[in-house]
$ cat entry_38.txt   # compact mmCIF, C-alpha atoms and all ligand atoms
# COMPACT_ATOMS: atom_id res chain seq x y z
CA MET A 690 -9.92 -6.55 -20.49
CA LEU A 691 -8.61 -6.69 -24.02
CA ILE A 692 -5.07 -6.61 -25.36
CA ASP A 693 -5.29 -6.44 -29.14
CA GLY A 694 -8.71 -8.08 -29.05
CA ILE A 695 -7.69 -10.92 -26.70
CA HIS A 696 -9.07 -11.06 -23.16
CA LYS A 697 -6.32 -10.94 -20.51
CA LYS A 698 -6.18 -10.78 -16.72
CA ALA A 699 -3.41 -9.31 -14.56
CA ILE A 700 -2.85 -12.65 -12.78
CA GLU A 701 -3.78 -16.10 -14.04
CA SER A 702 -3.39 -19.51 -12.47
CA SER A 703 -3.81 -23.02 -13.82
CA SER A 704 -4.73 -26.31 -12.15
CA ASP A 705 -1.05 -27.42 -12.15
CA PHE A 706 -0.38 -24.60 -9.64
CA LYS A 707 1.25 -22.25 -12.17
CA VAL A 708 0.68 -18.56 -11.43
CA SER A 709 1.41 -16.12 -14.21
CA ILE A 710 1.72 -12.32 -13.98
CA ILE A 711 2.76 -9.49 -16.27
CA ASP A 712 6.04 -7.75 -15.38
CA GLN A 713 4.48 -4.28 -15.19
CA THR A 714 7.88 -2.58 -14.84
CA LEU A 715 8.46 -3.32 -18.54
CA LEU A 716 5.18 -1.85 -19.78
CA PRO A 717 4.35 -0.20 -22.11
CA HIS A 718 7.44 -1.22 -24.08
CA LYS A 719 7.37 -4.96 -23.54
CA LEU A 720 4.58 -7.38 -22.59
CA LYS A 721 6.37 -10.08 -20.64
CA TYR A 722 4.66 -12.80 -18.60
CA ILE A 723 6.43 -14.25 -15.60
CA THR A 724 5.60 -17.51 -13.79
CA LEU A 725 5.66 -17.28 -10.00
CA LYS A 726 6.89 -20.56 -8.54
CA ASN A 727 7.46 -19.91 -4.85
CA ILE A 728 6.98 -17.40 -2.05
CA ASP A 729 10.28 -15.63 -2.89
CA ASP A 730 9.02 -14.94 -6.42
CA CYS A 731 5.80 -13.47 -4.99
CA VAL A 732 7.69 -11.29 -2.50
CA LYS A 733 9.97 -10.00 -5.26
CA ALA A 734 7.04 -9.40 -7.60
CA ILE A 735 5.29 -7.21 -5.01
CA ARG A 736 8.38 -5.46 -3.63
CA ASP A 737 9.87 -4.65 -7.06
CA MET A 738 6.44 -3.72 -8.40
CA TRP A 739 6.19 -6.26 -11.20
CA VAL A 740 2.66 -6.30 -9.79
CA ARG A 741 1.16 -3.31 -8.02
CA GLY A 742 -2.25 -1.81 -7.27
CA ALA A 743 -4.04 -2.61 -4.02
CA PRO A 744 -6.25 -5.58 -5.10
CA LEU A 745 -3.54 -7.26 -7.18
CA ILE A 746 -1.02 -7.00 -4.33
CA GLY A 747 -3.55 -8.81 -2.08
CA VAL A 748 -4.07 -11.64 -4.58
CA THR A 749 -0.33 -12.06 -5.29
CA ALA A 750 0.46 -12.16 -1.56
CA SER A 751 -2.19 -14.87 -1.11
CA TYR A 752 -0.49 -16.99 -3.78
CA GLY A 753 2.75 -16.33 -1.86
CA MET A 754 1.13 -17.90 1.22
CA PHE A 755 -0.07 -20.80 -0.92
CA PHE A 756 3.46 -21.56 -2.16
CA ALA A 757 4.86 -21.27 1.38
CA VAL A 758 2.28 -23.69 2.78
CA LYS A 759 2.72 -26.10 -0.13
CA ASP A 760 6.42 -26.26 0.82
CA ASN A 761 5.86 -26.60 4.53
CA PRO A 762 2.42 -26.34 6.22
CA SER A 763 3.72 -25.95 9.80
CA GLU A 764 2.51 -23.02 11.93
CA LEU A 765 6.05 -21.66 12.31
CA HIS A 766 6.56 -21.59 8.54
CA ILE A 767 3.15 -19.99 7.96
CA ARG A 768 3.87 -17.20 10.48
CA LYS A 769 7.27 -16.56 8.88
CA ALA A 770 5.67 -16.34 5.42
CA TYR A 771 3.05 -13.93 6.79
CA ASP A 772 5.76 -11.67 8.26
CA VAL A 773 7.75 -11.52 5.03
CA LEU A 774 4.72 -10.88 2.84
CA ILE A 775 3.12 -8.24 5.09
CA SER A 776 6.32 -6.20 5.03
CA THR A 777 6.50 -5.96 1.23
CA ARG A 778 4.38 -2.80 0.85
CA PRO A 779 2.92 -0.90 3.82
CA THR A 780 0.11 1.30 2.49
CA ALA A 781 -2.30 -0.80 0.43
CA VAL A 782 -4.58 -2.49 2.96
CA ASP A 783 -5.75 -5.33 0.69
CA LEU A 784 -2.44 -7.03 1.46
CA ARG A 785 -3.16 -7.10 5.20
CA TRP A 786 -6.84 -7.90 4.57
CA ALA A 787 -5.99 -11.06 2.60
CA LEU A 788 -3.09 -12.22 4.80
CA GLU A 789 -5.03 -11.81 8.04
CA ARG A 790 -7.98 -13.72 6.65
CA ILE A 791 -5.64 -16.54 5.66
CA LEU A 792 -3.88 -16.60 9.03
CA ASN A 793 -7.15 -16.59 10.98
CA ASN A 794 -8.54 -19.54 9.03
CA ILE A 795 -5.62 -21.72 8.16
CA LEU A 796 -4.29 -22.40 11.63
CA LYS A 797 -7.64 -23.96 12.55
CA LEU A 798 -7.11 -26.62 9.87
CA LYS A 799 -5.08 -29.83 9.99
CA GLU A 800 -1.68 -29.45 8.28
CA GLU A 801 -2.64 -31.85 5.47
CA ASP A 802 -5.68 -29.74 4.55
CA ARG A 803 -3.90 -26.38 4.44
CA THR A 804 -2.50 -26.40 0.87
CA ASN A 805 -5.81 -27.29 -0.66
CA TYR A 806 -7.62 -24.68 1.42
CA LEU A 807 -5.20 -21.97 0.29
CA TRP A 808 -5.42 -22.82 -3.38
CA ASN A 809 -9.20 -22.55 -3.20
CA PHE A 810 -8.88 -19.31 -1.20
CA CYS A 811 -6.69 -17.77 -3.92
CA LYS A 812 -9.00 -18.85 -6.73
CA LYS A 813 -12.01 -17.47 -4.84
CA LEU A 814 -10.21 -14.19 -4.10
CA GLU A 815 -9.43 -13.80 -7.79
CA GLU A 816 -13.02 -14.54 -8.76
CA ASN A 817 -14.41 -12.21 -6.08
CA SER A 818 -12.12 -9.41 -7.21
CA ILE A 819 -13.39 -9.72 -10.78
CA ASN A 820 -17.03 -9.71 -9.61
CA GLN A 821 -16.49 -6.76 -7.26
CA CYS A 822 -14.75 -4.70 -9.93
CA SER A 823 -17.49 -5.53 -12.41
CA LYS A 824 -20.11 -4.33 -9.90
CA ILE A 825 -18.14 -1.13 -9.26
CA GLY A 826 -18.20 -0.73 -13.03
CA ASP A 827 -21.98 -1.14 -13.19
CA TYR A 828 -22.61 1.42 -10.43
CA GLY A 829 -20.11 3.88 -11.88
CA PHE A 830 -21.54 3.40 -15.36
CA GLU A 831 -24.94 4.62 -14.13
CA ILE A 832 -23.30 7.81 -12.83
CA ILE A 833 -21.54 8.47 -16.14
CA LYS A 834 -24.70 7.70 -18.13
CA SER A 835 -26.74 10.10 -16.00
CA LYS A 836 -24.27 12.94 -16.62
CA ILE A 837 -23.71 12.53 -20.35
CA ILE A 838 -25.15 15.21 -22.60
CA LYS A 839 -26.11 13.94 -26.07
CA GLY A 840 -23.72 15.07 -28.79
CA LYS A 841 -21.00 16.08 -26.31
CA THR A 842 -17.93 14.02 -25.39
CA PHE A 843 -17.78 13.30 -21.65
CA ASN A 844 -14.29 13.92 -20.23
CA ILE A 845 -13.07 11.93 -17.23
CA LEU A 846 -9.78 12.55 -15.43
CA THR A 847 -8.00 9.72 -13.60
CA HIS A 848 -4.79 9.50 -11.59
CA CYS A 849 -2.30 6.61 -11.33
CA ASN A 850 -3.45 3.21 -12.54
CA ALA A 851 -6.61 1.78 -11.05
CA GLY A 852 -7.41 -0.37 -14.04
CA TRP A 853 -7.34 -4.11 -14.70
CA LEU A 854 -3.56 -4.08 -14.32
CA ALA A 855 -4.04 -3.03 -10.68
CA CYS A 856 -6.68 -5.69 -9.97
CA VAL A 857 -7.42 -8.99 -11.71
CA ASP A 858 -9.79 -7.66 -14.34
CA TRP A 859 -11.87 -4.50 -15.03
CA GLY A 860 -10.13 -2.32 -12.41
CA THR A 861 -11.76 -0.04 -9.88
CA ALA A 862 -11.64 3.54 -11.23
CA LEU A 863 -11.41 2.29 -14.80
CA ALA A 864 -14.25 -0.27 -14.53
CA PRO A 865 -17.01 2.38 -15.01
CA ILE A 866 -14.98 3.77 -17.92
CA TYR A 867 -14.73 0.35 -19.62
CA LYS A 868 -18.45 -0.26 -19.06
CA ALA A 869 -19.30 3.15 -20.52
CA TYR A 870 -17.03 2.60 -23.52
CA ASN A 871 -18.37 -0.92 -24.11
CA ALA A 872 -21.91 0.49 -24.04
CA GLY A 873 -20.98 2.95 -26.79
CA LEU A 874 -21.02 6.13 -24.70
CA ASP A 875 -18.97 9.01 -26.04
CA ILE A 876 -16.23 9.28 -23.42
CA HIS A 877 -12.64 10.45 -23.33
CA VAL A 878 -10.12 10.02 -20.50
CA TRP A 879 -7.46 12.51 -19.36
CA VAL A 880 -4.67 10.31 -17.99
CA ASP A 881 -2.42 11.88 -15.34
CA GLU A 882 1.19 10.89 -15.98
CA THR A 883 1.60 10.11 -12.22
CA ARG A 884 5.23 10.84 -11.50
CA PRO A 885 7.53 9.49 -10.29
CA ARG A 886 6.78 5.93 -11.46
CA SER A 887 4.44 7.11 -14.22
CA GLN A 888 1.73 4.49 -13.69
CA GLY A 889 -0.62 6.74 -15.69
CA ALA A 890 1.68 7.12 -18.68
CA ALA A 891 3.06 3.58 -18.66
CA LEU A 892 0.01 1.57 -17.57
CA THR A 893 -3.30 3.47 -17.72
CA ALA A 894 -2.73 5.03 -21.15
CA TRP A 895 -1.52 1.63 -22.39
CA GLU A 896 -4.40 -0.45 -21.06
CA LEU A 897 -7.06 2.07 -22.17
CA SER A 898 -5.52 2.30 -25.65
CA LYS A 899 -5.25 -1.49 -25.96
CA HIS A 900 -8.96 -1.76 -25.18
CA GLY A 901 -9.77 1.09 -27.56
CA VAL A 902 -10.87 3.74 -25.03
CA PRO A 903 -10.04 7.29 -26.27
CA ASN A 904 -7.51 8.87 -23.91
CA THR A 905 -4.93 11.64 -23.73
CA LEU A 906 -1.86 11.70 -21.51
CA ILE A 907 -1.26 14.89 -19.49
CA VAL A 908 1.45 15.89 -17.04
CA ASP A 909 0.39 15.83 -13.41
CA ASN A 910 0.29 19.62 -13.21
CA ALA A 911 -2.13 20.04 -16.14
CA GLY A 912 -5.28 18.86 -14.35
CA GLY A 913 -6.06 22.15 -12.59
CA HIS A 914 -5.84 24.11 -15.81
CA LEU A 915 -8.04 21.60 -17.65
CA MET A 916 -10.62 21.74 -14.87
CA GLN A 917 -10.68 25.56 -14.92
CA SER A 918 -11.16 25.57 -18.66
CA GLU A 919 -14.16 23.20 -18.40
CA LYS A 920 -12.43 20.28 -20.08
CA VAL A 921 -13.06 17.84 -17.22
CA ASP A 922 -16.60 16.64 -16.41
CA MET A 923 -15.70 14.19 -13.66
CA CYS A 924 -12.72 12.65 -11.86
CA ILE A 925 -12.50 8.98 -10.81
CA VAL A 926 -9.60 7.51 -8.88
CA GLY A 927 -8.96 4.31 -6.94
CA SER A 928 -7.95 3.81 -3.33
CA ASP A 929 -5.21 1.94 -1.49
CA ARG A 930 -6.82 2.34 1.89
CA THR A 931 -10.09 4.01 2.85
CA ALA A 932 -10.70 4.97 6.48
CA SER A 933 -14.10 4.38 8.12
CA ASN A 934 -14.95 8.07 7.72
CA GLY A 935 -14.30 8.06 3.96
CA ASP A 936 -10.81 9.61 3.94
CA VAL A 937 -9.02 8.07 0.97
CA CYS A 938 -5.36 7.16 0.72
CA ASN A 939 -4.26 6.83 -2.89
CA LYS A 940 -1.26 7.51 -5.11
CA ILE A 941 0.66 10.69 -4.35
CA GLY A 942 -0.98 13.64 -6.14
CA THR A 943 -4.56 12.44 -5.71
CA TYR A 944 -5.18 15.01 -2.94
CA MET A 945 -4.13 17.91 -5.20
CA LYS A 946 -6.53 16.73 -7.91
CA ALA A 947 -9.34 16.50 -5.37
CA LEU A 948 -8.64 20.08 -4.24
CA CYS A 949 -8.71 21.33 -7.82
CA ALA A 950 -11.93 19.43 -8.51
CA PHE A 951 -13.54 20.87 -5.37
CA ASP A 952 -12.50 24.42 -6.32
CA ASN A 953 -13.99 23.98 -9.78
CA ASN A 954 -17.17 22.21 -8.70
CA ILE A 955 -16.25 19.02 -10.56
CA PRO A 956 -17.44 15.71 -9.07
CA PHE A 957 -14.59 13.68 -7.59
CA TYR A 958 -15.43 9.97 -7.21
CA VAL A 959 -13.39 7.23 -5.57
CA ALA A 960 -13.96 3.62 -6.69
CA LEU A 961 -13.04 0.80 -4.31
CA PRO A 962 -13.92 -2.73 -3.25
CA GLU A 963 -14.75 -3.62 0.37
CA SER A 964 -11.24 -5.06 0.90
CA THR A 965 -9.81 -1.53 0.59
CA ILE A 966 -11.76 -0.21 3.57
CA ASP A 967 -9.75 -0.21 6.79
CA PHE A 968 -12.50 -0.45 9.41
CA SER A 969 -9.90 -0.22 12.17
CA LEU A 970 -9.17 3.39 11.19
CA GLU A 971 -11.62 6.10 12.24
CA SER A 972 -9.97 8.63 9.93
CA GLY A 973 -7.07 8.68 7.51
CA VAL A 974 -5.27 12.04 7.53
CA ASN A 975 -1.89 11.55 9.24
CA LYS A 976 -2.99 8.10 10.43
CA ILE A 977 -1.91 5.88 7.54
CA LYS A 978 1.65 4.68 7.05
CA ILE A 979 2.77 6.26 3.81
CA GLU A 980 5.24 4.19 1.82
CA GLU A 981 8.59 5.94 1.32
CA ARG A 982 10.02 4.85 -1.99
CA ASP A 983 13.53 4.86 -3.40
CA ASN A 984 14.71 8.37 -4.32
CA GLU A 985 16.04 7.02 -7.61
CA GLU A 986 12.42 6.96 -8.79
CA ILE A 987 12.67 10.79 -8.80
CA THR A 988 16.26 11.29 -9.83
CA HIS A 989 16.23 8.85 -12.77
CA VAL A 990 13.87 8.10 -15.64
CA SER A 991 13.69 5.05 -17.89
CA GLY A 992 12.38 4.54 -21.37
CA ILE A 993 13.38 3.19 -24.75
CA ASN A 994 15.96 5.00 -26.85
CA SER A 995 15.84 5.49 -30.62
CA SER A 996 17.29 1.99 -31.13
CA GLY A 997 14.47 0.50 -29.08
CA ALA A 998 16.69 -0.45 -26.12
CA LEU A 999 15.47 0.10 -22.55
CA THR A 1000 17.57 2.90 -21.08
CA ARG A 1001 17.82 4.58 -17.69
CA VAL A 1002 19.12 8.12 -17.31
CA LYS A 1003 19.77 10.47 -14.41
CA ILE A 1004 17.96 13.82 -14.62
CA VAL A 1005 19.32 15.76 -11.62
CA SER A 1006 22.71 16.86 -10.38
CA ASP A 1007 24.57 14.93 -7.68
CA MET A 1008 24.01 17.87 -5.27
CA VAL A 1009 20.24 17.36 -5.23
CA SER A 1010 18.53 15.68 -2.29
CA SER A 1011 15.05 14.26 -2.77
CA HIS A 1012 12.08 12.82 -0.88
CA ASN A 1013 9.63 10.33 -2.34
CA PRO A 1014 6.37 9.61 -0.45
CA GLY A 1015 4.27 7.20 -2.52
CA PHE A 1016 0.75 8.06 -1.34
CA ASP A 1017 -1.34 10.88 0.11
CA VAL A 1018 -4.68 11.14 1.88
CA THR A 1019 -7.66 12.96 0.43
CA PRO A 1020 -10.04 14.09 3.19
CA ALA A 1021 -13.59 12.75 2.83
CA ARG A 1022 -15.00 16.29 2.51
CA LEU A 1023 -13.39 16.52 -0.96
CA VAL A 1024 -14.87 13.23 -2.18
CA THR A 1025 -18.25 13.49 -3.94
CA LYS A 1026 -19.19 9.81 -3.48
CA LEU A 1027 -17.59 6.41 -3.03
CA ILE A 1028 -18.41 3.88 -5.75
CA THR A 1029 -18.15 0.42 -4.18
CA ASP A 1030 -19.09 -3.12 -5.09
CA LYS A 1031 -22.08 -2.80 -2.72
CA GLY A 1032 -23.36 0.46 -4.20
CA ILE A 1033 -22.69 4.19 -4.08
CA CYS A 1034 -22.43 6.05 -0.79
CA GLU A 1035 -21.37 9.30 0.84
CA ALA A 1036 -17.71 9.42 1.85
CA SER A 1037 -18.60 9.46 5.54
CA THR A 1038 -18.89 7.10 8.50
CA ASP A 1039 -22.67 6.87 8.03
CA GLY A 1040 -22.33 6.43 4.29
CA ILE A 1041 -19.91 3.54 4.63
CA ARG A 1042 -21.98 1.99 7.43
CA SER A 1043 -25.09 2.12 5.24
CA LEU A 1044 -23.43 -0.32 2.79
CA PHE A 1045 -21.04 -2.31 4.98
CA ARG A 1046 -22.58 -3.31 8.29
O1 LIG A 1101 2.14 2.21 -6.12
P1 LIG A 1101 1.02 1.52 -6.85
O2 LIG A 1101 1.20 1.49 -8.33
O3 LIG A 1101 0.74 0.16 -6.28
O4 LIG A 1101 -0.23 2.43 -6.55
C1 LIG A 1101 -1.48 2.08 -7.08
C2 LIG A 1101 -2.53 3.07 -6.77
O5 LIG A 1101 -2.31 4.04 -6.09
C3 LIG A 1101 -3.92 2.77 -7.26
O6 LIG A 1101 -4.60 3.95 -7.55
C4 LIG A 1101 -4.66 2.03 -6.13
O7 LIG A 1101 -3.97 0.88 -5.77
C5 LIG A 1101 -6.03 1.70 -6.48
S1 LIG A 1101 -5.98 0.30 -7.54
C6 LIG A 1101 -7.31 -0.39 -7.98
$ encode --input "entry_38.txt" --output "C-alpha cells"
Amino acid sequence: MLIDGIHKKAIESSSDFKVSIIDQTLLPHKLKYITLKNIDDCVKAIRDMWVRGAPLIGVTASYGMFFAVKDNPSELHIRKAYDVLISTRPTAVDLRWALERILNNILKLKEEDRTNYLWNFCKKLEENSINQCSKIGDYGFEIIKSKIIKGKTFNILTHCNAGWLACVDWGTALAPIYKAYNAGLDIHVWVDETRPRSQGAALTAWELSKHGVPNTLIVDNAGGHLMQSEKVDMCIVGSDRTASNGDVCNKIGTYMKALCAFDNNIPFYVALPESTIDFSLESGVNKIKIEERDNEEITHVSGINSSGALTRVKIVSDMVSSHNPGFDVTPARLVTKLITDKGICEASTDGIRSLFR
C-alpha cells in the first residue's frame, strides 16, 4: 500500500539475500527500516514485535529458517532453528503453518539444495500472501459495495491491525477497505485503539491515513455506544487462528466487539487467508494457547513528548497487579461470514469445508 504516494510492503527481500522490515514498535512516530541478516535477527524481530500480525510472522519466520540453513544445512541445525522460531509467539498459527511446511519438505532434499529451496519458498510465500490478501480484498469489496447506500458514508469498525503492516501487502481485514477506497466508494473507518499495545492507534490509523482512507480513532470501549447509535454499518477484523468450526482467535477485545455487533444486528466479518485456519482444531473456545504478554504493556505507555523524544511512562501505582492475555476467541455463532482468499463462507465446519477441501 502507499506511504506518501510510494508503494511499500511490510517485508522486502533482494536477490543478494537482504531482508528488510519496518520496526513497527517505532510507528507512528518514526519509519525505520531494519535489515535482517541472520536467524537471531528474525527471532528478535518476531519476539519483540518489530514485526507482528499472523501472516507477517509466518513470512519472517521462514526467512529465519532460510538464514539458519544458509549458515548450516544439517538436519540438527534445521531442527534447532525450528524449535527456536516456533517458540517466538504461540497464538498466530501462520508461524507453525510455514515452519511445518518447511520442515516436511526440506529434510527430503540434499543438503546442498536446501538453501536455494528455502529462498524460493520465502519468495513464493511472500507472493502468495500478497495474492491471497488481494483476493480477500476483492471478495470483501463486493460485500461493502452491496451494502452501500448512495449519498451516505459507509462506516466500518475494525480492531487491532490487520492491514498491510500485518501481512506483506493489502492486509486481511483492511484489504476490502483499501479496495473500496481505491474504487472511490464513500467509506469511513472507526479504528479501535486496541490497548494495551495500541496496534489500532499506532498502526491501523497510520497506515489508513498514509493511504488516504478516512478514519477516526476511538478508545476500545466506544464501539458499543457507536453501534447502538447507528454509527457502525459493518465490522471487519482479522484472525490469528481460526478453528475448523469457524471460531476465531484474534487480538484481545475482538470478542467484546462481536458481542456488541450481534446485540445491535450489525454484520461482523472476519477476513483471513487459508494459512490462518487450524484444521487440527475442531473448535477454538478454551482450546487455543493464548499468548500471555509482559505486564509492562499495561502498566506503562510510550509516546513522544513535546520535544519530540520517545518517552515511556508508568501509569499505575506499584501496588497494582495486572494480567495481560494477548488474544481472545470469538465463537463462530457471532461471526456473520468469513471472507477468505477462496471466497466467502459461513463461519461453520460445513462453510469452511465448502471452500477448503
Ligand atoms: O499481537 P499482534 O499485533 O501480532 O496481533 C495481530 C492481530 O491480532 C491481527 O488482527 C491478526 O494477526 C490478523 S492480521 C492479518
$ residues_near_ligand --input "entry_38.txt" --ligand "ligand LIG 1101 (chain A)" --cutoff "8 Å" --atoms "all atoms listed in the file" --output "VMD selection string"
chain A and resid 738 740 to 746 781 848 to 853 855 to 856 860 to 862 886 888 926 to 929 939 to 941 960 to 961 1015 to 1016
$ atom_distance --input "entry_38.txt" --atom1 "CA of Asn954 (chain A)" --atom2 "CA of Gln821 (chain A)"
29.0 Å
$ closest_residue --input "entry_38.txt" --among "A:Glu701, A:Ala1021, A:Glu764, A:Thr1038" --to "Asn794 (chain A)" --atoms "only C-alpha atoms"
A:Glu764
$ residues_around --input "entry_38.txt" --residues "Gly747 (chain A)" --least-positions-apart "4" --cutoff "12 Å" --atoms "only C-alpha atoms" --output "PyMOL selection string"
chain A and resi 700+731-732+734-735+740-743+751-754+774-775+777-791+810-811+814-815+818+855-857+929+964-965
$ atom_distance --input "entry_38.txt" --atom1 "CA of Lys719 (chain A)" --atom2 "CA of Ala864 (chain A)"
23.9 Å
$ residues_around --input "entry_38.txt" --residues "Ala757 (chain A)" --least-positions-apart "2" --cutoff "8 Å" --atoms "all atoms listed in the file" --output "count of residues only"
12
